[in-house]
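Everything below concerns the one structure shown next.
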Amino acid sequence: MTRTNIPGTSPYEAIIGFSRAVRIGNHVHVSGTGPVGADDADVAGQASQCFALIATALANAGSSLEHVYRTRMYLTQARDWEAAAGVHGTIFSTVRPAATMVVVAALLNPSWRIEIEADAFIPE
């Protein structure tokens, strides 16, 4: 199978050694995506920004949000789950991917309240 690294805009990709997404065959795995550019937004705004960045990575790999089959959401505050779930539910109301939501102690940027990963397929 062919592997293609899909770059993002993070200056840390080369330093840390990661890609925004990796396409292997007809599957795309999107790295943990923080709400870059929406650091001061509420958690719903941050989740929306995460999904916008994920959508761009998927498009660059030849996929889209409608082809997502797995998401993982990392929250820093348990009380944010309903707002984050509401954004997720709006985006994936018909797709309904397998989803995980967990609360973690912190994320790399202290202003981030959520980080999201996604896996998708590329339709033939």
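Residue numbers start at 1 in each chain; chains themselves are named A, B, ... in the order of the structure tokens; ligands are numbered from 1 in the order shown.
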
Need the shell around Glu117 (chain A): protein/DNA/RNA residues with any atom at most 9 Å away, counting only C-alpha atoms. Skip same-chain ones fewer than 4 positions apart. Format as a ChimeraX atom specification? /A:29-33,50,54,70-74

File of the preceding selection, N, CA, C and O atoms, as a PDB file, in the first residue's frame:
```pdb
ATOM      1  N   HIS A  29      -5.803   8.977   8.390  1.00  0.00           N
ATOM      2  CA  HIS A  29      -5.730   9.115   9.848  1.00  0.00           C
ATOM      3  C   HIS A  29      -5.273  10.541  10.137  1.00  0.00           C
ATOM      4  O   HIS A  29      -4.161  10.915   9.766  1.00  0.00           O
ATOM      5  N   VAL A  30      -6.142  11.322  10.783  1.00  0.00           N
ATOM      6  CA  VAL A  30      -5.831  12.717  11.085  1.00  0.00           C
ATOM      7  C   VAL A  30      -5.317  12.808  12.518  1.00  0.00           C
ATOM      8  O   VAL A  30      -5.948  12.317  13.452  1.00  0.00           O
ATOM      9  N   SER A  31      -4.155  13.446  12.661  1.00  0.00           N
ATOM     10  CA  SER A  31      -3.539  13.633  13.975  1.00  0.00           C
ATOM     11  C   SER A  31      -4.439  14.430  14.906  1.00  0.00           C
ATOM     12  O   SER A  31      -5.365  15.121  14.461  1.00  0.00           O
ATOM     13  N   GLY A  32      -4.112  14.362  16.187  1.00  0.00           N
ATOM     14  CA  GLY A  32      -4.804  15.198  17.156  1.00  0.00           C
ATOM     15  C   GLY A  32      -4.754  16.640  16.685  1.00  0.00           C
ATOM     16  O   GLY A  32      -3.680  17.163  16.384  1.00  0.00           O
ATOM     17  N   THR A  33      -5.911  17.272  16.610  1.00  0.00           N
ATOM     18  CA  THR A  33      -6.028  18.608  16.039  1.00  0.00           C
ATOM     19  C   THR A  33      -6.599  19.554  17.083  1.00  0.00           C
ATOM     20  O   THR A  33      -7.731  19.382  17.539  1.00  0.00           O
ATOM     21  N   CYS A  50     -11.542  22.888  15.326  1.00  0.00           N
ATOM     22  CA  CYS A  50     -10.863  21.596  15.154  1.00  0.00           C
ATOM     23  C   CYS A  50     -11.427  20.868  13.937  1.00  0.00           C
ATOM     24  O   CYS A  50     -10.671  20.372  13.089  1.00  0.00           O
ATOM     25  N   ILE A  54      -9.659  19.695  10.499  1.00  0.00           N
ATOM     26  CA  ILE A  54      -9.733  18.284  10.108  1.00  0.00           C
ATOM     27  C   ILE A  54     -10.317  18.170   8.700  1.00  0.00           C
ATOM     28  O   ILE A  54      -9.822  17.398   7.871  1.00  0.00           O
ATOM     29  N   ARG A  70     -14.399   7.291  12.532  1.00  0.00           N
ATOM     30  CA  ARG A  70     -13.942   7.236  13.926  1.00  0.00           C
ATOM     31  C   ARG A  70     -13.485   8.613  14.363  1.00  0.00           C
ATOM     32  O   ARG A  70     -12.763   9.286  13.626  1.00  0.00           O
ATOM     33  N   THR A  71     -13.914   9.055  15.545  1.00  0.00           N
ATOM     34  CA  THR A  71     -13.410  10.286  16.139  1.00  0.00           C
ATOM     35  C   THR A  71     -13.008  10.026  17.585  1.00  0.00           C
ATOM     36  O   THR A  71     -13.545   9.128  18.246  1.00  0.00           O
ATOM     37  N   ARG A  72     -12.053  10.837  18.038  1.00  0.00           N
ATOM     38  CA  ARG A  72     -11.630  10.814  19.439  1.00  0.00           C
ATOM     39  C   ARG A  72     -11.537  12.262  19.898  1.00  0.00           C
ATOM     40  O   ARG A  72     -10.830  13.061  19.272  1.00  0.00           O
ATOM     41  N   MET A  73     -12.253  12.587  20.960  1.00  0.00           N
ATOM     42  CA  MET A  73     -12.263  13.949  21.484  1.00  0.00           C
ATOM     43  C   MET A  73     -11.668  13.948  22.884  1.00  0.00           C
ATOM     44  O   MET A  73     -12.083  13.171  23.737  1.00  0.00           O
ATOM     45  N   TYR A  74     -10.706  14.832  23.073  1.00  0.00           N
ATOM     46  CA  TYR A  74     -10.027  14.962  24.359  1.00  0.00           C
ATOM     47  C   TYR A  74     -10.408  16.311  24.954  1.00  0.00           C
ATOM     48  O   TYR A  74     -10.114  17.358  24.377  1.00  0.00           O
TER      49      TYR A  74
END
```

Query raised in the report: So which bits of chain A end up alpha helix (DSSP H) when you DSSP the backbone, as a PyMOL selection string?
Result: chain A and resi 12+43-61+81-91

Neighbouring residues of Ser63 (chain A) were defined as those with any atom within 10 Å, considering only C-alpha atoms; residues of the same chain fewer than 6 positions away were excluded. Please report them as a PyMOL selection string.
chain A and resi 23+26-28+55-57+120-123

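Each of A:Ala98, A:Pro35, A:Leu58, A:Leu53 was compared to Asn5 (chain A) using only C-alpha atoms, and A:Leu58 turns out to be the nearest.
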
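Ranking A:Val36, A:Ile116, A:Ala99, A:Ala85 by their shortest atom-to-atom distance to Phe51 (chain A), with only C-alpha atoms included, puts A:Ile116 first.
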
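Of note, CA of Ala105 (chain A) and CA of Ser19 (chain A) are spaced 24.1 Å apart.
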
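All residues of protein, DNA or RNA that reach within 10 Å of Ala47 (chain A), judged by only C-alpha atoms and not counting those fewer than 2 positions away in the chain, are Thr33, Gly34, Pro35, Ala38, Ala41, Asp42, Val43, Ala44, Gly45, Gln49, Cys50, Phe51, Ala52, Leu53, Met73, Leu75, Ala83, Ala84, Ala85, Gly86, Val87, His88, Trp112, Arg113, Ile114, Glu115 and Ile116 of chain A.
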
Between A:Arg20, A:Ala59, A:Val68, A:Leu107, smallest distance to Ser93 (chain A) by only C-alpha atoms belongs to A:Val68

From CA of Trp81 (chain A) to CA of Met101 (chain A) the spacing works out at 7.8 Å

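In this model, the gap between CA of Glu66 (chain A) and CA of Val95 (chain A) comes to 6.2 Å.
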
Report task. Enumerate, as a ChimeraX atom specification, the complete set of residues in region 27-103 of chain A that a backbone-based DSSP assignment places in strand (DSSP E). Result -> /A:27-33,68-75,98-103
